[in-house]
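*Asks:* Here you go, one structure.
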Amino acid sequence: MAAPFKKTSARHLQPRVDVKVTPDTLYWKNLDVPVTKKEYGAITDIDFCPTAPHYFAVTNSTRVQVYSPTSLQIHKTISRFKEVAYSGSFRSDGKLLVAGGDEGSVRLFDVDSKSLLRLFKGHSGAIHVTKFLTDKTRIFSGSDDNSVSVWDIPSESQLLSYREHQDYVRCGIASASSTDLILTGSYDHTVKLFDTRINDSVMTFQHGHPVESVLMFPNGGICLSAGGNYIKVWDLLQGGRLLSTLCHHHKTVTSLAFCNNFTRILSGSVDRHIKIFDISTYKVVHTLDLPGTVLSAAVSPDDDILVVGMAEGLLSIQKRKTPKEPTSKNKQTSRYNATGKTYQPQKTDFIVHHKRKEQLERYDKYFKKFEFTKALDAAMKKGVSMPSPEVTVRVLQELMKKGAIKAALACRSDLSVGYIIQFIKRNISKPSFQPVLLDVADLLLDLYAEQVGQSPVMDCQLTELRETVEQEVNYMTELSEVMGMLDTVFASAAMKTSTPSSETVPVMTPSAVAQAADI
Amino acid sequence: MGEDNLTVVNVSGSSIVKYKPVFSADSKCLFVLSGKNIKVYNVNSGECMHYLIGHYDEVTGALVNPKNKLQLFSSSLDETIILWDSADGVILKRYSLHAPIYGLIGFTKDESNIYVMVRWYPKGVDDKIPTQDHDISEYDPKTGSLTMRLKKVLKRRLVDVGAKGRYLVEGRKKKVIVYDCKTSEIIMHSLKDDFDKEISCVACHPTEDSFVTGCDNGKIIYWWNFLTRNGVVKSTYSWHALPVLDVHFTAEGSQLLSGGHECVLVKWKYNSKEREYLPRLRAPIDHVICSPDNQIFVTCHQDNCVNLISNTFELLNVIDGLSLCHLQSQVLVRRSVRLLYDPRTKALVTNGRVGHLQFYSIEADRQLYNLDIVQENYTSPEDLSKPLYPTEVTNAAFSSHGDWLATVDMWDDGVMTPDIQLKFWKYQVESQEYALNTVVHYPHDKKVVDLKFRPHGDDLDVVHSVVTSSVDGKFKTWTLVDDTDIYRKNSKWVCDSVGYYRDRPAGPLGFSEDGSLLGVGFSSTLTVWDSDTNVLRHCFLTQSNSSNIKHCEFGHHSCCHLLVSLSSDLLCVWNLLTCAVVWSVNVEANVLAADPLSPYMAVVDNDQKLYVFKPSSPDIVYSKPSISKSTVSCAIFLPQKKKSSNKGTQVAWQQSSQLYFFNEEQELLSIVSEEEERKMNTLDSRAIQENLPSTAISVFLGGERKALEDRERRIERSLPSNITKQILDSAPHAQPPVISLCLPFLQSLIGKKQTKRGTEEEDEEEEMDEVKSQDSDSDMEVEQFHNSMKSDSQNPVQENKDFDWLNDLHKSQSKDDLNPVVLRTTDWISELNT
């Protein structure tokens, strides 16, 4: 070929430029249809087992349910609670599970046998947070009696009790890099960092809202707190400097979690959204919509499952789609013939290479053959015109440029004209398509003017098209009216700044005589 | 300045496709007829090896001598036929025919006489008669006699000589005229069918008694048995939809090549329907030839390009000059694209192929590359009388360092809604090409008139911005913004602001030298805007009834406070400081060009008279009438390439830049002095050297000569700025009194040519000694300095070294900073001289 055939490109006609397909959107779009379960009470906590099969514990009402990640069914149920349980969480080896509850005691279970191993008593209020410390032998708990306690598992005794928070302690996390650091958030608007070697807190952050969730990076350098509509990022190494404030939710943020191997943060909120942030820029990379108020959310360590718990007792489990194995459709019917493949060309041979044909879209193939009507047919097919109308518009434009649009549109059956009219009707409101589609509509009316009134189907479609156009015209008129109003406002605003301040003009006050007369 | 030793020359080279090229007998060289010269190309490399120079007028035809395969006959309008030794480029013989020759057809059967196409009228008269009525005559080189064979032949492609000179065939409208050389009989056959159209080209079979005619309706007709009056046999094949422009048999005659407006090369099996295609060649095919060894086909295209194609239809090489527009619509578009200068490749940029921008190097007289802007397939129209409207590049602009290119392409057939796209291209340093960055669909509602980058001098941190103006009454500023997100680094262009003035169509744009002011013409009003804040600063109103402003240019350098506007009947210069007209003159002109490196501007009026002026005064610096036969469509000042070498021959206004202009006949012209012209016409020996295969001795000699040249060049270059550099290098408090500096400085400006290499080298040695002594003691320096003051008047050459110590003192200053300063001073001095 002297010059390769240039394919019809419709890149510039993409209707919305601002919506980009990023790797993240693709990643999160790749989740399967959610499996939804209805539980009795609000799902307050979800914790993934850090070890291999990654069972996850879902805490709701008076029980902790352990789900299997493969079947997405309940694997075990721990229901030895008299009142509502909270914060069922695994130890790092996945063998033990600890949970708090409204009854004010911390319970430690063996996951396999579901047996209660230890019962820690000492809090006077409901316990909303219980977590293992990294050394595996201690547990810390935060309670509604404003205290944070550290318990020793072997001796079943309380080691420490911090009474520094002024309000309910509702969230906390143990540092993964240190065996002694605990970060707790409280309804007194503060986040405190405790060192179990000292009897006082070592750091206090003012979050400004009741803290609902805290999160700490595994290296222990940066932590996040969520409360109110805000997520705040703190740098622990710089003495608790506020790094960033994220305000992307419009209702209280209830949960924070890591995903994608600690490169993304996931936040769930009462506004029924889950947002995913990039950890380097703290920009939202994706948003998920949920059917209910999100109370807890977690992603399995291998990023395979997203579990969201909602206040209405709904549990949504989404598994990542397994990449489809390319299945060979038709089995090989003939044996592969290797004749000629083994031939080694000699130096004196004149080699003519086999020309490999470039893959072209169907409409491009017809364009190449100058079969314009067929090209239009191919572009109007549902497989093209529905998902990517810009391609169809581009093909129409290309036909115009080749001077073949009239020929391509003429002499069509009612049905195929109907498809074109429907396409125009669907897409005429998109600004970037408008010029082309209006031209095509005009041409269609010119070409098929005689047939109006003969075919009821076409009449009906043309009427619909007229309605759509009328609506669009009205819409545009309204928009231009608004534009005009805004222009006036802007112009007057500009005038004010340029003219000297008019407030200095003295205002006349009624004189004494006038006042008297008024009365 | 008044004396006129300047002439207009065609710098683009001549068309290389006007006449059929010819293969050498061994198929290794291709002789391309280009103007007065024949260019010899190597078929394998596609490089021009050398020129055959000797004709005084256009070369019209060439044929390899059948008796000696190394010799070549060539004919020209200068009434001569020259016999060349094609390998050495030596003229062996010059035959004079006393009539302009329009082509060589072939040889007679005994290979001694040549059939030539001549015109039997005195040259002066027939200039007015359109090209018609050539005669085919038999020329005998030995006796010099011309014998008429066929009369009133229209075109070269309608005649061919067949089967080793046994007969001549001519196509004339719907008839075929055969001249039998044996019997000297003329036999006429005609296409009887009413559907048949006129014959457009003729080709004879190399061995058999048959020939082929291509017709205007795209049919190809084979003829046999035509030497008898009645028994003629025809067969017709059709594939072409448009007129066939050329047909040609391969060397053995087993295949037929045809080409036409479809841009498709068709290879037919002899007298058979079987055919192969090579589609999507870049432009309509004018000529097709085949090499004697059947390996290579050559197609000549209307856009001034020659393609070498292998017989398996692979593109081997492309020989192209300045791409010409083969569509009328493109020629009109050039007025808005104008001529551009790419600062990176130092190439001239304009539109060429459909939807492309071509980068053309004037120095090398070759196209560097074509940039596909539109990215659409070119299709030929179904009917030549109803041309299609291809999408065309209507505007383009380069940023000041060439790292961005902005283009506007538009499709408008006058019926449908036009399609307009604004594209921004970023230069990729790694891949060395422009890559598409941003596409803006419908940047304006109507035709975009002008597109300009905002210049920003030497400041690199300034945000890039582009301004477009349109007939829809708005001008828009586009700025480069950061579009980086966590996935990739990117930048894109967005519309920053929109400006309009009284609902008038926006016209030409102009930026002041530092980019702080933007001038926009709104019909007859010229508005000046602050380009940072986009606030209207001032309006300049010309007379109320005057026509639209076509050009708007800010002055440069010493005239940077002046703004020049050109409407179709008025040239007006405004002072931006006083906001008043400095001067105006009534001139009917369409073209205005400003030199970015000097204050000069050029205007070409409708009578094709060139005026060069400075905006500061209404005096004409230079004028030259009728610089072009057809209308000049655009002009540009390009920076001079060789600054030092030809300073003496350059006039003041062309010292920094040279004026190039384009006319409607698509010739790129320039104004040079007569000496320059002579230089251009002489053979460039270097080019030959580069392209000839190198032998051992040539490598050896070449290396030696190069070394010599290098040395000469280096010395020459270091010389002129020596004293200036010293003055500028040193801090003002450390400088000797101005009186002592003045004389050497002035002398250094005058005495450049007088200094010899020998003395220069001596000086260098002396300097070395001095530097050594200076190191030891600083008191010594002062003494030497005093000495030098005394010797000022005696020896101008020695001055250079005496200030060298200053140089050493301030070595820390970088040379890069200095260069612009030096340039500016010389410029200032040249102004003083004028």
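Naming works like this for the structure tokens: A, B, ... for the chains as they're shown, residue 1 at the start of each chain, ligands 1 onward in shown order.
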Select residues of chain A: the criterion is any atom within 10 Å of an atom of chain B, counting only C-alpha atoms; output as a ChimeraX atom specification.

*Replies:* /A:1-9,11-13,22-24,278-283,285,352,367-368,370,397-398,400-404,432,434-440,442-443

*Asks:* Quick one: pull the distance between atom CA of A:Asp303 and atom CA of A:Ser225, Å, one decimal.

*Replies:*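 Going from atom CA of A:Asp303 over to atom CA of A:Ser225, I get 22.5 Å.
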
*Asks:* Output as a count of residues only all residues of stretch 313-561 of chain B that backbone DSSP marks as strand (DSSP E or B).

*Replies:* 125

*Asks:* Could you please determine the separation between atom CA of A:Asn261 and atom CA of A:His207 in Å, to one decimal place?

*Replies:*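 Calculated distance between atom CA of A:Asn261 and atom CA of A:His207 is 26.4 Å.
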
*Asks:* Would you kindly return, as a ChimeraX atom specification, each protein, DNA or RNA residue with an atom no farther than 12 Å from any atom of B:Val266, considering only C-alpha atoms and excluding same-chain residues fewer than 2 positions away?

*Replies:* /B:220,238-240,244-249,255-264,268-269,273-281,285,288,297,299,311,313

*Asks:* Write the residues of the preceding selection, restricted to C-alpha atoms, as a PDB file, in the first residue's frame.

*Replies:*
```pdb
ATOM      1  CA  ILE B 220      -8.477   1.837 -21.992  1.00  0.00           C
ATOM      2  CA  SER B 238     -12.519  -0.168 -18.171  1.00  0.00           C
ATOM      3  CA  TRP B 239     -11.722   0.310 -14.548  1.00  0.00           C
ATOM      4  CA  HIS B 240     -10.937   3.991 -14.222  1.00  0.00           C
ATOM      5  CA  VAL B 244      -6.801   8.202 -17.665  1.00  0.00           C
ATOM      6  CA  LEU B 245      -3.787  10.484 -17.364  1.00  0.00           C
ATOM      7  CA  ASP B 246      -1.085   8.127 -18.494  1.00  0.00           C
ATOM      8  CA  VAL B 247      -0.601   4.590 -19.773  1.00  0.00           C
ATOM      9  CA  HIS B 248       2.698   2.831 -20.171  1.00  0.00           C
ATOM     10  CA  PHE B 249       3.827  -0.652 -21.148  1.00  0.00           C
ATOM     11  CA  GLN B 255       1.908  -5.646 -18.636  1.00  0.00           C
ATOM     12  CA  LEU B 256       0.336  -2.233 -18.909  1.00  0.00           C
ATOM     13  CA  LEU B 257       0.466   0.460 -16.250  1.00  0.00           C
ATOM     14  CA  SER B 258      -2.178   3.110 -16.032  1.00  0.00           C
ATOM     15  CA  GLY B 259      -2.796   5.957 -13.668  1.00  0.00           C
ATOM     16  CA  GLY B 260      -5.218   8.797 -13.280  1.00  0.00           C
ATOM     17  CA  HIS B 261      -7.089  11.066 -10.940  1.00  0.00           C
ATOM     18  CA  GLU B 262      -8.052   8.209  -8.634  1.00  0.00           C
ATOM     19  CA  CYS B 263      -4.511   8.160  -7.207  1.00  0.00           C
ATOM     20  CA  VAL B 264      -4.375   4.444  -7.957  1.00  0.00           C
ATOM     21  CA  TRP B 268      -3.000  -4.735 -16.246  1.00  0.00           C
ATOM     22  CA  LYS B 269      -1.984  -7.980 -17.815  1.00  0.00           C
ATOM     23  CA  LYS B 273      -8.965  -7.965 -17.525  1.00  0.00           C
ATOM     24  CA  GLU B 274      -6.613  -9.189 -14.861  1.00  0.00           C
ATOM     25  CA  ARG B 275      -5.237  -6.314 -12.905  1.00  0.00           C
ATOM     26  CA  GLU B 276      -3.608  -5.303  -9.649  1.00  0.00           C
ATOM     27  CA  TYR B 277      -3.893  -2.050  -7.800  1.00  0.00           C
ATOM     28  CA  LEU B 278      -1.717   0.148  -5.686  1.00  0.00           C
ATOM     29  CA  PRO B 279      -4.278   2.426  -4.084  1.00  0.00           C
ATOM     30  CA  ARG B 280      -4.065   5.595  -2.003  1.00  0.00           C
ATOM     31  CA  LEU B 281      -1.079   7.190  -3.648  1.00  0.00           C
ATOM     32  CA  ILE B 285      -0.813  10.354 -11.243  1.00  0.00           C
ATOM     33  CA  VAL B 288       3.978   6.415 -15.240  1.00  0.00           C
ATOM     34  CA  PHE B 297       7.866   1.666 -11.732  1.00  0.00           C
ATOM     35  CA  THR B 299       4.858   7.514 -10.857  1.00  0.00           C
ATOM     36  CA  ASN B 311       7.191  -4.281  -9.353  1.00  0.00           C
ATOM     37  CA  PHE B 313       4.027  -2.706  -5.414  1.00  0.00           C
TER      38      PHE B 313
END
```

*Asks:* Could you pull out the alpha helix (DSSP H) residues of stretch 279-473 of chain A, going by DSSP on the backbone, and write them as a PyMOL selection string?

*Replies:* chain A and resi 362-368+372-380+382-385+389-401+405-409+414-427+434-447+456-473

*Asks:* Any idea what the distance is between atom CA of A:Ser175 and atom CA of A:Ser141?

*Replies:*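 Rounded to one decimal, the two atoms are 14.1 Å apart.
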
*Asks:* Considering only C-alpha atoms, state which residue in the set A:Ser255, A:Asn146, A:Ser105, A:Ser155 is at the smallest distance from A:Thr44.

*Replies:* A:Ser255

*Asks:* Could you name the residues that touch stretch 363-371 of chain B at 10 Å or less, counting only C-alpha atoms, but leaving out those on the same chain fewer than 4 positions away, as a PyMOL selection string?

*Replies:* chain B and resi 11-13+305+319-323+345-353+355-359+375+433-435+641+687
